[in-house]
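*Asks:* Dropping a structure here in structure tokens format, bear with me for questions.
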Amino acid sequence: MSAQLEGKVALVAGATRGAGRGIAVELGAAGATVYVTGRSTRTRRSEYDRPETIEDTADLVTAAGGQGVAVPTDHLDPAQVRALVDRIAREQGRLDVLVNDIWGGEKLFEWDSTLWEHDLDNGLRLLRLAIETHVVTSHHALPLLLRRPGGLVVEVTDGTADYNRDHYRVNFFYDLAKTAVLRMAFALGHELGPRGATAVALTPGWLRSELMLDGYGVSEDNWRDALERVPHFAISETPRYVGRAVTALAADPDVARLNGRSLSSGGLAREYGFTDLDGSRPDAWRYLVEVQDPGKPADTTGYR
């Protein structure tokens, strides 16, 4: 996909680590200028208190072949988001791709805790980080994106619309947050489509993010060592895989046919033909439905 997006400008909101970083790097590998935002910088960490920074992400974008621009931004602060978009407009005069990947909730939700048992402040903070940030960012960024026809908005979530419709996800707050983002893409599709732009919801599969790898005590080099304890982790994918999904969408001149749709990295890999870094095509959401959820033994044959 080298140079397919040369001359294009993208904003990846929430690009410090995980899917956001993978998406930013792949957009850069396709030649785009990518503004990357987050709250963790080389001089100040967010409450995650992790080593990844937006400056590191920007450097990876540039090393991949694009131009990475790090802009520290708290997307709950409309003034900061407005200043971010004003800067992009001033420096580039355009915005072709907006990726809303802001999340920040890993330390805020409690597994299998009911609404009335869950810490209320944490739950409400999770909803603000997962939903309000996307709303604030789109409110300020969409006028710039709509200056030119063909713009793309990608709302990153966890789970497809079909899967989340039929499955309770973790707890009340998590379920609500991830389902709301799916609906955002649907609603934006109705508002953007007649104006020449496209909005989609996109979910990665079982993501080998920095947090996930650390949680299993492995690295990207030896991630399969975790399979003895978590066999279904065999279906997992790198953050670059969903990045390649976004790049394929951004480079598709007929992407409007997908407006308002719920998509997955595995599903788009089948459609566009890209692979993960190891050459495989993991299809995690089909695997969950057909193998993991029914309680079958872990076996990725035919799923990657």
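By order of appearance in the structure tokens: chains A, B, ..., then residues from 1 within every chain, and ligands from 1 in the order shown.
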Neighbouring residues of Asp254 in chain A were defined as those with any atom within 12 Å, considering only C-alpha atoms; residues of the same chain fewer than 3 positions away were excluded. Please report them as a PDB file with N, CA and C atoms, in the first residue's frame.
*Replies:*
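What follows is the written file selection.pdb:
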```
ATOM      1  N   GLY A 150     -15.160  12.890  -0.346  1.00  0.00           N
ATOM      2  CA  GLY A 150     -14.419  11.645  -0.201  1.00  0.00           C
ATOM      3  C   GLY A 150     -13.830  11.397   1.167  1.00  0.00           C
ATOM      4  N   GLY A 151     -14.139  12.230   2.158  1.00  0.00           N
ATOM      5  CA  GLY A 151     -13.599  12.041   3.493  1.00  0.00           C
ATOM      6  C   GLY A 151     -14.098  10.763   4.148  1.00  0.00           C
ATOM      7  N   LEU A 152     -13.300  10.253   5.082  1.00  0.00           N
ATOM      8  CA  LEU A 152     -13.618   8.995   5.774  1.00  0.00           C
ATOM      9  C   LEU A 152     -13.510   9.185   7.277  1.00  0.00           C
ATOM     10  N   GLY A 196     -21.082  13.758   0.896  1.00  0.00           N
ATOM     11  CA  GLY A 196     -19.902  13.283   0.178  1.00  0.00           C
ATOM     12  C   GLY A 196     -18.841  12.607   1.006  1.00  0.00           C
ATOM     13  N   ALA A 197     -19.154  12.248   2.247  1.00  0.00           N
ATOM     14  CA  ALA A 197     -18.184  11.564   3.097  1.00  0.00           C
ATOM     15  C   ALA A 197     -18.769  10.240   3.591  1.00  0.00           C
ATOM     16  N   THR A 198     -17.925   9.427   4.197  1.00  0.00           N
ATOM     17  CA  THR A 198     -18.298   8.079   4.634  1.00  0.00           C
ATOM     18  C   THR A 198     -17.920   7.879   6.087  1.00  0.00           C
ATOM     19  N   ALA A 248      -6.773   0.372   3.839  1.00  0.00           N
ATOM     20  CA  ALA A 248      -7.501  -0.154   2.680  1.00  0.00           C
ATOM     21  C   ALA A 248      -8.788   0.637   2.448  1.00  0.00           C
ATOM     22  N   LEU A 249      -9.484   0.960   3.525  1.00  0.00           N
ATOM     23  CA  LEU A 249     -10.700   1.771   3.392  1.00  0.00           C
ATOM     24  C   LEU A 249     -10.379   3.156   2.845  1.00  0.00           C
ATOM     25  N   ALA A 250      -9.331   3.769   3.380  1.00  0.00           N
ATOM     26  CA  ALA A 250      -8.987   5.136   2.979  1.00  0.00           C
ATOM     27  C   ALA A 250      -8.537   5.205   1.520  1.00  0.00           C
ATOM     28  N   ALA A 251      -8.000   4.108   1.014  1.00  0.00           N
ATOM     29  CA  ALA A 251      -7.508   4.082  -0.369  1.00  0.00           C
ATOM     30  C   ALA A 251      -8.564   3.609  -1.361  1.00  0.00           C
ATOM     31  N   ARG A 257     -19.787   2.775  -0.471  1.00  0.00           N
ATOM     32  CA  ARG A 257     -20.725   1.646  -0.444  1.00  0.00           C
ATOM     33  C   ARG A 257     -20.832   1.042   0.956  1.00  0.00           C
ATOM     34  N   LEU A 258     -19.861   1.334   1.816  1.00  0.00           N
ATOM     35  CA  LEU A 258     -19.832   0.791   3.174  1.00  0.00           C
ATOM     36  C   LEU A 258     -20.353   1.793   4.204  1.00  0.00           C
ATOM     37  N   ASN A 259     -20.867   2.909   3.761  1.00  0.00           N
ATOM     38  CA  ASN A 259     -21.275   3.972   4.676  1.00  0.00           C
ATOM     39  C   ASN A 259     -22.256   3.474   5.737  1.00  0.00           C
TER      40      ASN A 259
END
```
*Asks:* Among range 68-194 of chain A, which ones does DSSP assign to strand (DSSP E or B) (computed from the backbone)? Answer as a PyMOL selection string.
*Replies:* chain A and resi 68-72+97-100+152-156
*Asks:* Any idea what's packed within 12 Å of Asp166 in chain A, counting only C-alpha atoms, ignoring anything in its chain fewer than 4 positions away? Could you give it as a VMD selection string?
*Replies:* chain A and resid 159 to 162 175 179 289 293
*Asks:* In Å, rounded to a single decimal, give me how far CA of Gly14 in chain A is from CA of Leu176 in chain A.
*Replies:*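 Between CA of Leu176 in chain A and CA of Gly14 in chain A the gap works out to 19.5 Å.
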*Asks:* Could you produce a table of the residues of range 90-112 of chain A lying within 12 Å of range 202-216 of chain A, with the nearest pair of atoms per residue and their separation in Å rounded to one decimal, using only C-alpha atoms, ordered by chain and increasing residue number, as a tab-separated table?
*Replies:*
```
residue	atom	partner	partner_atom	distance
A:Val99	CA	A:Leu202	CA	9.8
A:Asn100	CA	A:Leu202	CA	10.1
A:Asp101	CA	A:Leu202	CA	9.8
A:Gly104	CA	A:Leu211	CA	11.7
A:Glu106	CA	A:Leu211	CA	9.1
A:Lys107	CA	A:Leu211	CA	11.0
```
*Asks:* Quick one: pick out all helix (DSSP H, G or I) residues within range 91-280 of chain A from a backbone DSSP run and write them as an NGL selection string.
*Replies:* :A and (91-92 or 120-145 or 161-166 or 172-195 or 210-216 or 223-228 or 231-235 or 239-251 or 255-258 or 265-272)
*Asks:* Residues near range 128-130 of chain A, anyone? I mean within 12 Å using only C-alpha atoms, not counting same-chain ones fewer than 2 positions away, as a ChimeraX atom specification.
*Replies:* /A:13-14,38-39,74-77,100-109,121-126,132-137,155-158,173-182,184
*Asks:* If we count only C-alpha atoms and set the cut-off at 10 Å, which residues sit around Ala15 in chain A, ignoring sequence neighbours fewer than 2 positions away in its own chain? Please answer as a PyMOL selection string.
*Replies:* chain A and resi 11-13+17-25+35-40+52-58+70+99-102
*Asks:* Between CA of Lys8 in chain A and CA of Leu142 in chain A, measure the distance and give it in Å to one decimal.
*Replies:* 15.5 Å
*Asks:* Do you know which residues are at most 10 Å from Glu271 in chain A counting only C-alpha atoms, after dropping those on the same chain fewer than 4 positions away, and could you put them as a ChimeraX atom specification?
*Replies:* /A:245,248,265-267
*Asks:* Do a neighbour search on Thr300 in chain A at 12 Å with only C-alpha atoms, toss out local chain neighbours closer than 6 positions, and write the hits as an mmCIF file with N, CA and C atoms, in the first residue's frame.
*Replies:*
```
data_model
loop_
_atom_site.group_PDB
_atom_site.id
_atom_site.type_symbol
_atom_site.label_atom_id
_atom_site.label_comp_id
_atom_site.auth_asym_id
_atom_site.auth_seq_id
_atom_site.Cartn_x
_atom_site.Cartn_y
_atom_site.Cartn_z
ATOM 1 N N PRO A 231 -5.530 -20.718 25.400
ATOM 2 C CA PRO A 231 -5.414 -21.325 24.064
ATOM 3 C C PRO A 231 -6.058 -20.517 22.947
ATOM 4 N N HIS A 232 -7.191 -19.872 23.218
ATOM 5 C CA HIS A 232 -7.877 -19.137 22.160
ATOM 6 C C HIS A 232 -7.145 -17.859 21.752
ATOM 7 N N PHE A 233 -6.114 -17.483 22.497
ATOM 8 C CA PHE A 233 -5.281 -16.336 22.126
ATOM 9 C C PHE A 233 -4.595 -16.586 20.782
ATOM 10 N N ALA A 234 -4.666 -17.804 20.315
ATOM 11 C CA ALA A 234 -4.080 -18.154 19.018
ATOM 12 C C ALA A 234 -4.702 -17.377 17.870
ATOM 13 N N ILE A 235 -5.908 -16.873 18.055
ATOM 14 C CA ILE A 235 -6.585 -16.123 16.992
ATOM 15 C C ILE A 235 -6.194 -14.649 17.012
ATOM 16 N N SER A 236 -5.361 -14.231 17.935
ATOM 17 C CA SER A 236 -5.064 -12.808 18.130
ATOM 18 C C SER A 236 -4.323 -12.202 16.937
ATOM 19 N N SER A 280 -0.695 -13.923 7.874
ATOM 20 C CA SER A 280 -1.971 -14.599 8.119
ATOM 21 C C SER A 280 -3.127 -13.609 8.037
ATOM 22 N N ARG A 281 -4.356 -14.155 8.025
ATOM 23 C CA ARG A 281 -5.557 -13.318 8.016
ATOM 24 C C ARG A 281 -6.490 -13.765 9.133
ATOM 25 N N PRO A 282 -6.185 -13.450 10.392
ATOM 26 C CA PRO A 282 -7.070 -13.859 11.488
ATOM 27 C C PRO A 282 -8.456 -13.252 11.375
ATOM 28 N N ASP A 283 -9.471 -14.057 11.599
ATOM 29 C CA ASP A 283 -10.866 -13.609 11.552
ATOM 30 C C ASP A 283 -11.482 -13.902 12.914
ATOM 31 N N ALA A 284 -11.170 -13.031 13.867
ATOM 32 C CA ALA A 284 -11.474 -13.304 15.268
ATOM 33 C C ALA A 284 -12.968 -13.376 15.557
ATOM 34 N N TRP A 285 -13.759 -12.511 14.943
ATOM 35 C CA TRP A 285 -15.180 -12.472 15.315
ATOM 36 C C TRP A 285 -15.934 -13.674 14.783
ATOM 37 N N ARG A 286 -15.548 -14.195 13.634
ATOM 38 C CA ARG A 286 -16.135 -15.445 13.160
ATOM 39 C C ARG A 286 -15.678 -16.596 14.041
ATOM 40 N N TYR A 287 -14.414 -16.554 14.465
ATOM 41 C CA TYR A 287 -13.869 -17.588 15.347
ATOM 42 C C TYR A 287 -14.594 -17.604 16.693
ATOM 43 N N LEU A 288 -14.854 -16.424 17.247
ATOM 44 C CA LEU A 288 -15.558 -16.356 18.521
ATOM 45 C C LEU A 288 -16.919 -17.036 18.442
ATOM 46 N N GLU A 290 -18.053 -19.224 16.182
ATOM 47 C CA GLU A 290 -18.082 -20.605 15.725
ATOM 48 C C GLU A 290 -17.226 -21.554 16.547
ATOM 49 N N VAL A 291 -16.246 -21.028 17.293
ATOM 50 C CA VAL A 291 -15.332 -21.898 18.043
ATOM 51 C C VAL A 291 -15.324 -21.579 19.538
ATOM 52 N N GLN A 292 -14.938 -20.352 19.884
ATOM 53 C CA GLN A 292 -14.722 -20.033 21.296
ATOM 54 C C GLN A 292 -16.030 -20.015 22.099
#
```
*Asks:* To one decimal place, how far is CA of Thr43 in chain A from CA of Gln80 in chain A in Å?
*Replies:*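 Separation of CA of Thr43 in chain A and CA of Gln80 in chain A: 17.9 Å.
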*Asks:* Please determine, counting only C-alpha atoms, which residue among A:Thr16, A:Ser262, A:Thr73, A:Thr33 has the shortest atom-to-atom distance to Arg50 in chain A.
*Replies:* A:Thr16
*Asks:* Name the closest residue to Gly217 in chain A among the candidates A:Asp59, A:Pro143, A:Arg229, A:Leu192; distances are taken between atoms, counting only C-alpha atoms.
*Replies:*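 With only C-alpha atoms as the atom set, the closest residue is A:Arg229.
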*Asks:* I need the residue nearest Ala29 in chain A from this list: A:Leu268, A:Leu146, A:Val246, A:Ala79. Use only C-alpha atoms for the distance.
*Replies:* A:Val246
*Asks:* Nearest to Leu115 in chain A: which of A:Arg45, A:Ala269, A:Ala226, A:Val170 is it, counting only C-alpha atoms?
*Replies:* A:Val170
